[in-house]
Amino acid sequence: MGRYVIRRLLQMIPVFFGTTLLIFLMVNVMGDPIAGLCGDRQCDPATAAQLRSEFGLDKPVWQQYLTYMGNVFTGDFGTAFNGQKVTELMGTAFPITIRLTIVAVVFEVVIGISLGVVTGLRRGRPVDTTVLILTLIVIAVPTFVTGLLLQLLLGVKWGIIKPSVSADPTFDELLVPGLVLASVSLAYVTRLTRTSIAENARADYVRTAVAKGLPRRRVVVRHLLRNSLIPVVTFIGTDVGALMGGAIVTERIFNIHGVGYQLYQGILRQNSQTVVGFVTILVLVFLAANLIVDLLYAVLDPRIRYA
Amino acid sequence: MRGATKVRWAACAVAVALAATACGGGDGDGGGSGGGADGIVSSSWGDPQNPLEPANTNEVQGGKVLDMVFRGLIRYDPKTGEAKNMLAESIDSKDSQNFTIKLKDGWTFSNGEKVTAKSFVDAWNYGAALKNNQKNAYFFQYIEGYDKVHPESGSASAETLSGLKVVDDLTFTAKLTQKFSLWPDTLGYSAFVPLPKAFYDDHDAWLSKPIGNGPYTIESYAKGSSMKLRKWDDYPGEDKAKNGGVDLKVFTDNNTAYTDLTAGNLDLVDDVPASQLRNVEADLGDRYINTPAGIIQTLAFPFYEKEWDTDDARKVRQGLSMAINRPQITDQIFQKTRTPASDWTSPVLGEEGGFKEGLCGKECTYNKAEAKKLIDEGGGIPGGQLKISYNADTGSHKEWVDAVCNSINNVMGNNKACVGGPVGTFADFRAQVSTQKLTSAWRAGWQMDYPLIQNFLQPLYYTNAPSNDGKWSNQQFDDLVDKANAESDKAKAITTFQDAEKILVTEMPVIPLWYQNGSAGYSDRVDNVALNPFSVPVYEEITVK
């Protein structure tokens with residue numbers, strides 16, 4: 001197990017460098033960011049040149065990348081164009097997005113898996129059909145529609161929530177945005193769990209457990225669910241990364257100043273420092289989440305061993 | 001306590017299905033408390049693009065804050081745009097080139113420091129110096145010695161502008177490199193405000209909480225998310241704040257800000273999203289403002305490309321201008337938040353300031369037959385196709401560019417006579433424009449720095465002027481601008497500028513499209529909301545019910 005983890009961690013190193021290099025190149029391909037800083041007028045050439053040298057933009061790309069990576073390892077992620085340190089931006093953005101992600105994942109796990117179990121055990125019954133149709137609708141409707149609709153109904157028409165969250169939102173403010181963010185994944189989790197449960201419900205070991213006279217609850221939770229969760233855990237694990245970086249739409253609708261917002265603004269302003277910095281962290285989150293998922297397999301299914 | 005929290009959380013959990021988020025609240029937003037003279041106005045905001053230094057702020061979001069926190073020598077009247085003395089007692093000159101500036105006594109910064117001639121001179125020297133990377137440095141270009149502190153290449157050979165001299169505590173002189181009679185009127189721009197010593201002593205601390213001499217002081221500033229401004233009770237000026245303060249809240253999307261306004265959580269939105277313009281009457285009624293701002297939108301052309309710099313191409317440009325059905329586009333696409341342009345300035349200047357409706361005449365009026373005739377006479381569109389480049393990321397330019405092209409295509413009876421050319425980001429678009437990469441037309445916009453006709457002409461059309469991206473050049477125009485600048489009589493200067501503007505009618509270096517309006521919506525909690533000519537709300541006038 002230990003050796004496996006070390007091997008996986010070592011494998012992360014090339015992945016990490018590869019992705020950061022790719023992002024770095026992509027941001028550079030977008031062109032010269034300095035011209036956008038002066039609005040609809042031309043930057044005065046002397047100031048532009050000065051800014052370029054300050055941000056290291058006058059050097060060849062490979063040199064920029066090396067300098068940047070060198071700085072990253074000393075904890076310096078550079079400075080955004082508005083004079084804020086990127087680490088400072090991360091310090092405010094990540095806690096918010098992590099909170100939002102936690103809310104979303106809790107929704108996925110609690111609602112998604114319960115619905116999946118219920119429908120999986122009652123295949124073909126009205127409950128099953130209803131939930132299936134509902135998940136289909138949720139998957140088909142884009143997130144921004146769900147988001148704007150909920151915002152309009154709950155926020156403006158009924159006044160139950162505030163349409164936008166505060167600058168440093170608490171968990172309860174993030175319930176609705178979290179639900180919106182989770183909605184599509186939630187539907188997938190439901191469907192995955194349902195299929196998996198339905199398949200395993202016919203397995204020999206379940207019949208044995210029932211024949212042994214175990215209480216139904218114990219059969220479902222200990223035997224059936226545990227064996228059915230592997231695909232679901234894989235999905236949720238990779239989804240954590242996707243939720244953190246992919247919350248741009250939801251964050252914009254509810255005015256959440258999280259990672260998605262910073263990335264969006266960084267891209268608009270072609271601020272390579274912000275974009276590369278945030279994406280680097282997201283890459284790390286993704287890698288870590290994947291490792292944890294693989295380790296969880298062993299917990300769920302003792303037959304899977306890592307050496 | 002712990003138990004109570006748990007119960008509340010349980011209640012919240014139950015309420016999940018109802019999606020209630022009111023749980024856990026109770027601390028409120030601080031914005032809704034109180035009315036009358038102490039009431040706080042909550043207003044939408046965007047994250048300023050640059051650090052909040054006066055000479056480094058060139059967009060409206062940062063400008064908003066500077067407008068509340070600073071007062072300069074001159075202030076433009078929020079209603080008429082007229083330049084009036086604020087901190088200046090007088091700005092005199094005998095020759096339109098050497099100016100003596102006298103300050104009023106009794107002004108201080110909010111930290112108690114006195115505003116003196118040195119506060120101005122030091123601030124201007126800071127703004128002009130190349131090493132400080134100030135994006136508005138070019139505002140100081142007319143002052144003698146600018147080429148030393150801010151050379152076009154290489155490093156600076158002087159620390160301070162030789163044209164600025166402190167005479168005594170309340171007097172300083174400025175020597176310009178050329179005659180410029182309207183120069184005092186430019187001093188209302190925020191780049192020219194005075195700065196306290198704290199700005200230089202502890203720059204980082206100042207940036208995280210700027211100190212100025214305006215009607216508001218900054219109580220707290222959370223970068224990227226919000227700023228709380230409070231009324232400065234000891235403010236010495238006459239335009240004291242009529243409310244207790246302003247809370248600015250950063251919105252990532254102006255649609256969300258608008259939704260928040262309709263839900264009653266926000267008092268003021270100063271940028272009504274285009275998609276909501278259809279509903280705005282129903283949602284807000286008379287609480288919607290739509291007033292002219294000092295912004296003009298144009299189509300610019302590449303004169304560095306030979307085929308555009310010919311007499312035939314001149315006819316084509318005139319024809320193209322006549323092929324655009326401006327009123328139809330401003331009505332249907334912009335819902336009247338733009339006004340068809342008939343000159344190259346802006347209505348906010350007023351007749352006296354040099355705005356002249358209809359100066360462009362028939363060349364800017366839709367005329368299908370004449371347009372086609374002119375374009376055909378000129379040998380058709382150079383290159384066979386007009387490609388209008390625009391940035392696709394912000395400002396919803398696609399819609400109107402497509403409409404303009406439609407209009408031109410109708411006239412030409414050719415579906416491919418004009419096409420839009422989207423560029424991914426604004427920065428890339430500007431980079432292509434300013435390095436002369438584009439080979440056909442592009443969208444151009446100009447937001448005035450100060451309400452003067454000079455600002456709408458010289459920086460854009462003078463030979464090699466900083467924003468003359470198309471590299472248009474006309475000796476006659478340049479001569480008239482020089483003449484106007486040297487004119488000591490203001491009225492005469494303005495008519496001379498208008499003479500120069502008339503050259504644009506025949507040469508058509510850019511096609512004027514429309515004047516942009518500023519739009520804002522406000523809640524029924526506040527009153528007396530207005531936008532100034534820079535489309536920034538006049539915060540200090542707002543009253544809270």
# chains A, B, ... in the order shown; residues from 1 in each chain; ligands from 1
$ closest_atom_pairs --of "chain A" --to "chain B" --cutoff "6 Å" --atoms "only C-alpha atoms" --output "Markdown table"
| residue | atom | partner | partner_atom | distance |
| --- | --- | --- | --- | --- |
| A:Gly31 | CA | B:Asp428 | CA | 5.5 |
| A:Pro33 | CA | B:Ala427 | CA | 5.2 |
| A:Ala35 | CA | B:Ala431 | CA | 4.9 |
| A:Gly36 | CA | B:Ala427 | CA | 3.6 |
| A:Arg41 | CA | B:Ser467 | CA | 5.2 |
| A:Gln42 | CA | B:Ser467 | CA | 5.3 |
| A:Ala46 | CA | B:Glu152 | CA | 5.0 |
| A:Thr47 | CA | B:Asn133 | CA | 5.5 |
| A:Asn82 | CA | B:Asn50 | CA | 4.1 |
| A:Gly83 | CA | B:Pro51 | CA | 5.6 |
| A:Val156 | CA | B:Ala263 | CA | 4.6 |
| A:Ile160 | CA | B:Ala20 | CA | 5.8 |
| A:Ile161 | CA | B:Thr21 | CA | 5.5 |
| A:Pro163 | CA | B:Asp260 | CA | 5.7 |
| A:Ala167 | CA | B:Ser225 | CA | 5.8 |
| A:Asp172 | CA | B:Thr21 | CA | 5.3 |
| A:Glu173 | CA | B:Thr21 | CA | 5.3 |
| A:Val176 | CA | B:Ala19 | CA | 5.9 |
| A:Arg252 | CA | B:Thr252 | CA | 5.6 |
| A:Ile253 | CA | B:Thr256 | CA | 5.9 |
| A:Asn255 | CA | B:Thr252 | CA | 5.6 |
$ write_last_selection --atoms "N, CA and C atoms" --output "PDB file, in the first residue's frame"
ATOM      1  N   GLY A  31      -2.044  35.880 -26.934  1.00  0.00           N
ATOM      2  CA  GLY A  31      -1.520  37.164 -27.386  1.00  0.00           C
ATOM      3  C   GLY A  31      -1.064  38.053 -26.246  1.00  0.00           C
ATOM      4  N   PRO A  33      -1.098  40.567 -23.440  1.00  0.00           N
ATOM      5  CA  PRO A  33      -2.121  41.041 -22.508  1.00  0.00           C
ATOM      6  C   PRO A  33      -2.037  42.529 -22.203  1.00  0.00           C
ATOM      7  N   ALA A  35      -1.871  45.194 -24.002  1.00  0.00           N
ATOM      8  CA  ALA A  35      -2.684  46.112 -24.801  1.00  0.00           C
ATOM      9  C   ALA A  35      -4.084  46.289 -24.226  1.00  0.00           C
ATOM     10  N   GLY A  36      -4.589  45.258 -23.521  1.00  0.00           N
ATOM     11  CA  GLY A  36      -5.941  45.336 -22.979  1.00  0.00           C
ATOM     12  C   GLY A  36      -6.043  46.199 -21.743  1.00  0.00           C
ATOM     13  N   ARG A  41      -7.782  52.586 -25.965  1.00  0.00           N
ATOM     14  CA  ARG A  41      -6.757  53.471 -26.496  1.00  0.00           C
ATOM     15  C   ARG A  41      -5.425  52.749 -26.472  1.00  0.00           C
ATOM     16  N   GLN A  42      -4.475  53.316 -27.141  1.00  0.00           N
ATOM     17  CA  GLN A  42      -3.182  52.658 -27.192  1.00  0.00           C
ATOM     18  C   GLN A  42      -2.388  52.968 -25.932  1.00  0.00           C
ATOM     19  N   ALA A  46       6.262  53.447 -23.796  1.00  0.00           N
ATOM     20  CA  ALA A  46       7.269  53.337 -22.742  1.00  0.00           C
ATOM     21  C   ALA A  46       6.710  52.589 -21.532  1.00  0.00           C
ATOM     22  N   THR A  47       5.489  52.966 -21.124  1.00  0.00           N
ATOM     23  CA  THR A  47       4.869  52.295 -19.990  1.00  0.00           C
ATOM     24  C   THR A  47       4.615  50.826 -20.313  1.00  0.00           C
ATOM     25  N   ASN A  82      -3.929  43.746 -11.275  1.00  0.00           N
ATOM     26  CA  ASN A  82      -4.446  44.785 -10.387  1.00  0.00           C
ATOM     27  C   ASN A  82      -3.590  44.943  -9.138  1.00  0.00           C
ATOM     28  N   GLY A  83      -2.415  44.337  -9.165  1.00  0.00           N
ATOM     29  CA  GLY A  83      -1.470  44.560  -8.085  1.00  0.00           C
ATOM     30  C   GLY A  83      -1.615  43.602  -6.919  1.00  0.00           C
ATOM     31  N   VAL A 156     -36.266  36.458  -6.244  1.00  0.00           N
ATOM     32  CA  VAL A 156     -37.010  37.664  -6.572  1.00  0.00           C
ATOM     33  C   VAL A 156     -38.492  37.503  -6.289  1.00  0.00           C
ATOM     34  N   ILE A 160     -37.286  34.115  -0.700  1.00  0.00           N
ATOM     35  CA  ILE A 160     -36.802  33.197   0.337  1.00  0.00           C
ATOM     36  C   ILE A 160     -35.295  33.336   0.514  1.00  0.00           C
ATOM     37  N   ILE A 161     -34.572  33.517  -0.604  1.00  0.00           N
ATOM     38  CA  ILE A 161     -33.115  33.678  -0.512  1.00  0.00           C
ATOM     39  C   ILE A 161     -32.738  35.032  -1.089  1.00  0.00           C
ATOM     40  N   PRO A 163     -30.696  36.853  -4.008  1.00  0.00           N
ATOM     41  CA  PRO A 163     -30.242  36.398  -5.328  1.00  0.00           C
ATOM     42  C   PRO A 163     -28.720  36.284  -5.421  1.00  0.00           C
ATOM     43  N   ALA A 167     -19.973  38.575   0.318  1.00  0.00           N
ATOM     44  CA  ALA A 167     -18.592  38.466  -0.155  1.00  0.00           C
ATOM     45  C   ALA A 167     -17.890  37.226   0.398  1.00  0.00           C
ATOM     46  N   ASP A 172     -24.840  28.098   4.653  1.00  0.00           N
ATOM     47  CA  ASP A 172     -26.274  28.152   4.363  1.00  0.00           C
ATOM     48  C   ASP A 172     -26.592  29.049   3.178  1.00  0.00           C
ATOM     49  N   GLU A 173     -25.758  30.083   2.959  1.00  0.00           N
ATOM     50  CA  GLU A 173     -25.975  30.902   1.773  1.00  0.00           C
ATOM     51  C   GLU A 173     -25.710  30.106   0.502  1.00  0.00           C
ATOM     52  N   VAL A 176     -28.445  26.854  -2.080  1.00  0.00           N
ATOM     53  CA  VAL A 176     -29.065  26.862  -3.409  1.00  0.00           C
ATOM     54  C   VAL A 176     -28.012  26.799  -4.528  1.00  0.00           C
ATOM     55  N   ARG A 252     -21.005  32.801 -11.400  1.00  0.00           N
ATOM     56  CA  ARG A 252     -21.407  34.069 -11.998  1.00  0.00           C
ATOM     57  C   ARG A 252     -22.869  34.387 -11.675  1.00  0.00           C
ATOM     58  N   ILE A 253     -23.713  33.379 -11.751  1.00  0.00           N
ATOM     59  CA  ILE A 253     -25.135  33.625 -11.507  1.00  0.00           C
ATOM     60  C   ILE A 253     -25.367  34.136 -10.090  1.00  0.00           C
ATOM     61  N   ASN A 255     -23.094  35.358  -8.036  1.00  0.00           N
ATOM     62  CA  ASN A 255     -22.076  36.316  -7.626  1.00  0.00           C
ATOM     63  C   ASN A 255     -21.171  35.768  -6.520  1.00  0.00           C
TER      64      ASN A 255
END
$ select_by_dssp --residues "segment 5-225 of chain A" --states "alpha helix (DSSP H)" --output "PDB file with C-alpha atoms, in the first residue's frame"
ATOM      1  CA  VAL A   5       1.032   5.554  -2.813  1.00  0.00           C
ATOM      2  CA  ILE A   6       4.643   6.600  -3.320  1.00  0.00           C
ATOM      3  CA  ARG A   7       4.598   5.328  -6.875  1.00  0.00           C
ATOM      4  CA  ARG A   8       1.425   7.236  -7.573  1.00  0.00           C
ATOM      5  CA  LEU A   9       2.831  10.385  -6.030  1.00  0.00           C
ATOM      6  CA  LEU A  10       5.935  10.071  -8.212  1.00  0.00           C
ATOM      7  CA  GLN A  11       3.750   9.649 -11.278  1.00  0.00           C
ATOM      8  CA  MET A  12       2.129  12.965 -10.443  1.00  0.00           C
ATOM      9  CA  ILE A  13       5.338  14.870 -11.073  1.00  0.00           C
ATOM     10  CA  PRO A  14       5.441  14.538 -14.877  1.00  0.00           C
ATOM     11  CA  VAL A  15       1.664  15.045 -15.061  1.00  0.00           C
ATOM     12  CA  PHE A  16       2.027  18.214 -13.035  1.00  0.00           C
ATOM     13  CA  PHE A  17       4.771  19.643 -15.247  1.00  0.00           C
ATOM     14  CA  GLY A  18       3.006  18.622 -18.425  1.00  0.00           C
ATOM     15  CA  THR A  19      -0.295  20.255 -17.532  1.00  0.00           C
ATOM     16  CA  THR A  20       1.248  23.463 -16.250  1.00  0.00           C
ATOM     17  CA  LEU A  21       3.374  23.740 -19.382  1.00  0.00           C
ATOM     18  CA  LEU A  22       0.319  23.224 -21.567  1.00  0.00           C
ATOM     19  CA  ILE A  23      -1.675  25.857 -19.710  1.00  0.00           C
ATOM     20  CA  PHE A  24       1.244  28.234 -19.822  1.00  0.00           C
ATOM     21  CA  LEU A  25       1.555  27.841 -23.574  1.00  0.00           C
ATOM     22  CA  MET A  26      -2.191  28.175 -24.121  1.00  0.00           C
ATOM     23  CA  VAL A  27      -2.362  31.412 -22.171  1.00  0.00           C
ATOM     24  CA  ASN A  28       0.579  32.739 -24.140  1.00  0.00           C
ATOM     25  CA  VAL A  29      -1.004  31.860 -27.453  1.00  0.00           C
ATOM     26  CA  PRO A  45       4.836  52.522 -25.543  1.00  0.00           C
ATOM     27  CA  ALA A  46       7.269  53.337 -22.742  1.00  0.00           C
ATOM     28  CA  THR A  47       4.869  52.295 -19.990  1.00  0.00           C
ATOM     29  CA  ALA A  48       3.865  49.188 -21.946  1.00  0.00           C
ATOM     30  CA  ALA A  49       7.515  48.171 -22.322  1.00  0.00           C
ATOM     31  CA  GLN A  50       8.112  48.776 -18.638  1.00  0.00           C
ATOM     32  CA  LEU A  51       5.093  46.644 -17.689  1.00  0.00           C
ATOM     33  CA  ARG A  52       6.192  43.894 -20.039  1.00  0.00           C
ATOM     34  CA  SER A  53       9.602  43.677 -18.446  1.00  0.00           C
ATOM     35  CA  GLU A  54       8.083  43.809 -14.975  1.00  0.00           C
ATOM     36  CA  VAL A  61       8.234  31.682 -23.438  1.00  0.00           C
ATOM     37  CA  TRP A  62      10.471  28.842 -22.218  1.00  0.00           C
ATOM     38  CA  GLN A  63      12.352  31.253 -20.020  1.00  0.00           C
ATOM     39  CA  GLN A  64       9.102  32.691 -18.672  1.00  0.00           C
ATOM     40  CA  TYR A  65       7.975  29.169 -17.847  1.00  0.00           C
ATOM     41  CA  LEU A  66      11.196  28.261 -16.047  1.00  0.00           C
ATOM     42  CA  THR A  67      11.165  31.471 -14.025  1.00  0.00           C
ATOM     43  CA  TYR A  68       7.531  30.937 -13.187  1.00  0.00           C
ATOM     44  CA  MET A  69       8.041  27.336 -12.060  1.00  0.00           C
ATOM     45  CA  GLY A  70      11.070  28.376 -10.053  1.00  0.00           C
ATOM     46  CA  ASN A  71       8.968  30.960  -8.267  1.00  0.00           C
ATOM     47  CA  VAL A  72       6.103  28.539  -7.709  1.00  0.00           C
ATOM     48  CA  PHE A  73       8.372  26.213  -5.751  1.00  0.00           C
ATOM     49  CA  VAL A  86      -2.029  35.593  -6.818  1.00  0.00           C
ATOM     50  CA  THR A  87      -1.588  33.762  -3.504  1.00  0.00           C
ATOM     51  CA  GLU A  88      -3.808  36.432  -1.935  1.00  0.00           C
ATOM     52  CA  LEU A  89      -6.465  35.825  -4.604  1.00  0.00           C
ATOM     53  CA  MET A  90      -6.211  32.099  -3.928  1.00  0.00           C
ATOM     54  CA  GLY A  91      -6.534  32.710  -0.214  1.00  0.00           C
ATOM     55  CA  THR A  92      -9.924  34.328  -0.716  1.00  0.00           C
ATOM     56  CA  ALA A  93     -11.186  32.274  -3.650  1.00  0.00           C
ATOM     57  CA  PHE A  94     -10.378  28.711  -2.630  1.00  0.00           C
ATOM     58  CA  PRO A  95     -12.101  28.622   0.780  1.00  0.00           C
ATOM     59  CA  ILE A  96     -15.296  29.843  -0.886  1.00  0.00           C
ATOM     60  CA  THR A  97     -15.132  27.331  -3.702  1.00  0.00           C
ATOM     61  CA  ILE A  98     -14.237  24.523  -1.307  1.00  0.00           C
ATOM     62  CA  ARG A  99     -17.319  25.361   0.737  1.00  0.00           C
ATOM     63  CA  LEU A 100     -19.429  25.366  -2.417  1.00  0.00           C
ATOM     64  CA  THR A 101     -17.928  22.047  -3.494  1.00  0.00           C
ATOM     65  CA  ILE A 102     -18.581  20.478  -0.109  1.00  0.00           C
ATOM     66  CA  VAL A 103     -22.226  21.540  -0.287  1.00  0.00           C
ATOM     67  CA  ALA A 104     -22.483  20.157  -3.813  1.00  0.00           C
ATOM     68  CA  VAL A 105     -20.809  16.847  -2.950  1.00  0.00           C
ATOM     69  CA  VAL A 106     -22.997  16.394   0.118  1.00  0.00           C
ATOM     70  CA  PHE A 107     -26.037  16.870  -2.086  1.00  0.00           C
ATOM     71  CA  SER A 114     -30.435   7.518  -1.648  1.00  0.00           C
ATOM     72  CA  LEU A 115     -32.474   8.020  -4.785  1.00  0.00           C
ATOM     73  CA  GLY A 116     -30.250   5.522  -6.567  1.00  0.00           C
ATOM     74  CA  VAL A 117     -30.791   2.890  -3.877  1.00  0.00           C
ATOM     75  CA  VAL A 118     -34.524   3.468  -3.739  1.00  0.00           C
ATOM     76  CA  THR A 119     -34.951   3.267  -7.505  1.00  0.00           C
ATOM     77  CA  GLY A 120     -32.502   0.407  -7.879  1.00  0.00           C
ATOM     78  CA  LEU A 121     -34.492  -1.707  -5.427  1.00  0.00           C
ATOM     79  CA  PRO A 126     -43.694   4.263 -10.487  1.00  0.00           C
ATOM     80  CA  VAL A 127     -41.002   5.697  -8.120  1.00  0.00           C
ATOM     81  CA  ASP A 128     -38.305   4.402 -10.429  1.00  0.00           C
ATOM     82  CA  THR A 129     -39.929   5.787 -13.563  1.00  0.00           C
ATOM     83  CA  THR A 130     -40.596   9.186 -11.994  1.00  0.00           C
ATOM     84  CA  VAL A 131     -37.028   9.583 -10.751  1.00  0.00           C
ATOM     85  CA  LEU A 132     -35.640   8.428 -14.075  1.00  0.00           C
ATOM     86  CA  ILE A 133     -37.649  11.014 -15.953  1.00  0.00           C
ATOM     87  CA  LEU A 134     -36.670  13.706 -13.452  1.00  0.00           C
ATOM     88  CA  THR A 135     -32.970  12.915 -13.783  1.00  0.00           C
ATOM     89  CA  LEU A 136     -33.339  12.983 -17.540  1.00  0.00           C
ATOM     90  CA  ILE A 137     -34.813  16.474 -17.338  1.00  0.00           C
ATOM     91  CA  VAL A 138     -32.088  17.680 -14.985  1.00  0.00           C
ATOM     92  CA  ILE A 139     -29.376  16.343 -17.276  1.00  0.00           C
ATOM     93  CA  ALA A 140     -31.020  17.868 -20.322  1.00  0.00           C
ATOM     94  CA  THR A 143     -27.049  24.601 -15.431  1.00  0.00           C
ATOM     95  CA  PHE A 144     -27.502  28.278 -16.150  1.00  0.00           C
ATOM     96  CA  VAL A 145     -31.204  27.729 -16.836  1.00  0.00           C
ATOM     97  CA  THR A 146     -31.710  25.896 -13.540  1.00  0.00           C
ATOM     98  CA  GLY A 147     -29.647  28.528 -11.765  1.00  0.00           C
ATOM     99  CA  LEU A 148     -31.389  31.557 -13.193  1.00  0.00           C
ATOM    100  CA  LEU A 149     -34.797  29.969 -12.719  1.00  0.00           C
ATOM    101  CA  LEU A 150     -34.192  29.153  -9.053  1.00  0.00           C
ATOM    102  CA  LEU A 175     -27.235  25.794  -0.281  1.00  0.00           C
ATOM    103  CA  VAL A 176     -29.065  26.862  -3.409  1.00  0.00           C
ATOM    104  CA  PRO A 177     -25.927  27.518  -5.497  1.00  0.00           C
ATOM    105  CA  GLY A 178     -24.587  24.177  -4.293  1.00  0.00           C
ATOM    106  CA  LEU A 179     -27.773  22.423  -5.324  1.00  0.00           C
ATOM    107  CA  VAL A 180     -27.632  24.043  -8.751  1.00  0.00           C
ATOM    108  CA  LEU A 181     -23.980  23.141  -9.139  1.00  0.00           C
ATOM    109  CA  ALA A 182     -24.638  19.571  -8.037  1.00  0.00           C
ATOM    110  CA  SER A 183     -27.813  19.051 -10.029  1.00  0.00           C
ATOM    111  CA  VAL A 184     -26.377  17.435 -13.147  1.00  0.00           C
ATOM    112  CA  SER A 185     -23.857  15.278 -11.289  1.00  0.00           C
ATOM    113  CA  LEU A 186     -26.583  14.382  -8.824  1.00  0.00           C
ATOM    114  CA  ALA A 187     -28.650  12.983 -11.647  1.00  0.00           C
ATOM    115  CA  TYR A 188     -25.694  10.952 -12.877  1.00  0.00           C
ATOM    116  CA  VAL A 189     -24.963   9.632  -9.392  1.00  0.00           C
ATOM    117  CA  THR A 190     -28.595   8.551  -9.087  1.00  0.00           C
ATOM    118  CA  ARG A 191     -28.457   6.701 -12.392  1.00  0.00           C
ATOM    119  CA  LEU A 192     -25.086   5.095 -11.711  1.00  0.00           C
ATOM    120  CA  THR A 193     -26.151   3.916  -8.276  1.00  0.00           C
ATOM    121  CA  ARG A 194     -29.454   2.621  -9.602  1.00  0.00           C
ATOM    122  CA  THR A 195     -27.846   0.533 -12.334  1.00  0.00           C
ATOM    123  CA  SER A 196     -25.186  -0.796 -10.056  1.00  0.00           C
ATOM    124  CA  ILE A 197     -27.658  -1.690  -7.301  1.00  0.00           C
ATOM    125  CA  ALA A 198     -30.070  -3.254  -9.757  1.00  0.00           C
ATOM    126  CA  GLU A 199     -27.296  -5.418 -11.154  1.00  0.00           C
ATOM    127  CA  ASN A 200     -25.914  -6.530  -7.823  1.00  0.00           C
ATOM    128  CA  ASP A 204     -25.518 -14.737  -5.449  1.00  0.00           C
ATOM    129  CA  TYR A 205     -24.057 -13.148  -2.335  1.00  0.00           C
ATOM    130  CA  VAL A 206     -27.136 -11.002  -1.873  1.00  0.00           C
ATOM    131  CA  ARG A 207     -29.414 -14.016  -2.190  1.00  0.00           C
ATOM    132  CA  THR A 208     -27.207 -15.817   0.335  1.00  0.00           C
ATOM    133  CA  ALA A 209     -27.379 -12.914   2.732  1.00  0.00           C
ATOM    134  CA  VAL A 210     -31.152 -12.799   2.467  1.00  0.00           C
ATOM    135  CA  ALA A 211     -31.313 -16.613   2.903  1.00  0.00           C
ATOM    136  CA  ARG A 216     -33.035  -6.193   5.038  1.00  0.00           C
ATOM    137  CA  ARG A 217     -31.328  -3.025   6.165  1.00  0.00           C
ATOM    138  CA  ARG A 218     -28.088  -4.849   6.785  1.00  0.00           C
TER     139      ARG A 218
END
$ residues_around --residues "Arg230 of chain B" --least-positions-apart "6" --cutoff "9 Å" --atoms "only C-alpha atoms" --output "list of chain:residue names"
B:Ile40, B:Pro215, B:Tyr216, B:Thr217, B:Ile218, B:Glu219, B:Asn243, B:Gly244, B:Gly245, B:Val246, B:Asp247
$ residues_around --residues "Arg326 of chain B" --least-positions-apart "2" --cutoff "9 Å" --atoms "only C-alpha atoms" --output "PyMOL selection string"
chain B and resi 324+328-331+339-341+364-366+404+513-514
$ write_last_selection --atoms "C-alpha atoms" --output "mmCIF file, in the first residue's frame"
data_model
loop_
_atom_site.group_PDB
_atom_site.id
_atom_site.type_symbol
_atom_site.label_atom_id
_atom_site.label_comp_id
_atom_site.auth_asym_id
_atom_site.auth_seq_id
_atom_site.Cartn_x
_atom_site.Cartn_y
_atom_site.Cartn_z
ATOM 1 C CA ILE B 324 -25.550 52.121 -42.255
ATOM 2 C CA GLN B 328 -32.853 51.302 -36.895
ATOM 3 C CA ILE B 329 -29.902 49.708 -35.075
ATOM 4 C CA THR B 330 -29.993 52.036 -32.064
ATOM 5 C CA ASP B 331 -33.727 51.423 -31.691
ATOM 6 C CA THR B 339 -28.158 57.833 -30.192
ATOM 7 C CA PRO B 340 -27.270 57.910 -33.901
ATOM 8 C CA ALA B 341 -24.139 60.005 -34.320
ATOM 9 C CA CYS B 364 -23.898 60.177 -41.921
ATOM 10 C CA THR B 365 -27.497 59.714 -42.991
ATOM 11 C CA TYR B 366 -28.832 56.462 -44.369
ATOM 12 C CA VAL B 404 -24.211 47.005 -39.474
ATOM 13 C CA LEU B 513 -21.871 55.278 -35.520
ATOM 14 C CA TRP B 514 -23.595 56.374 -32.335
#
$ closest_residue --among "B:Glu501, B:Asp309, B:Glu281, B:Asp77" --to "Thr345 of chain B" --atoms "only C-alpha atoms"
B:Glu501
$ closest_residue --among "B:Ser519, B:Gly354, B:Leu161, B:His397" --to "Leu457 of chain B" --atoms "only C-alpha atoms"
B:Gly354
$ select_by_dssp --residues "segment 20-140 of chain B" --states "strand (DSSP E or B)" --output "JSON, numbers by chain"
{"B": [36, 40, 41, 42, 43, 44, 45, 74, 75, 76, 83, 84, 85, 88, 89, 90, 91, 92, 93, 98, 99, 100, 101, 102, 103, 108, 114]}
$ closest_residue --among "A:Ile113, A:Met1, A:Val240, A:Leu224" --to "Leu287 of chain A" --atoms "only C-alpha atoms"
A:Val240
$ atom_distance --atom1 "atom CA of Leu229 of chain B" --atom2 "atom CA of Gly294 of chain B"
26.2 Å
$ residues_around --residues "segment 108-110 of chain B" --least-positions-apart "5" --cutoff "12 Å" --atoms "only C-alpha atoms" --output "number ranges by chain"
B: 69-72, 87, 103, 115-117, 119, 193-199, 210-219, 230-237
$ closest_residue --among "B:Glu357, B:Asp283, B:Asp479, B:Asp449" --to "Phe139 of chain B" --atoms "only C-alpha atoms"
B:Asp449
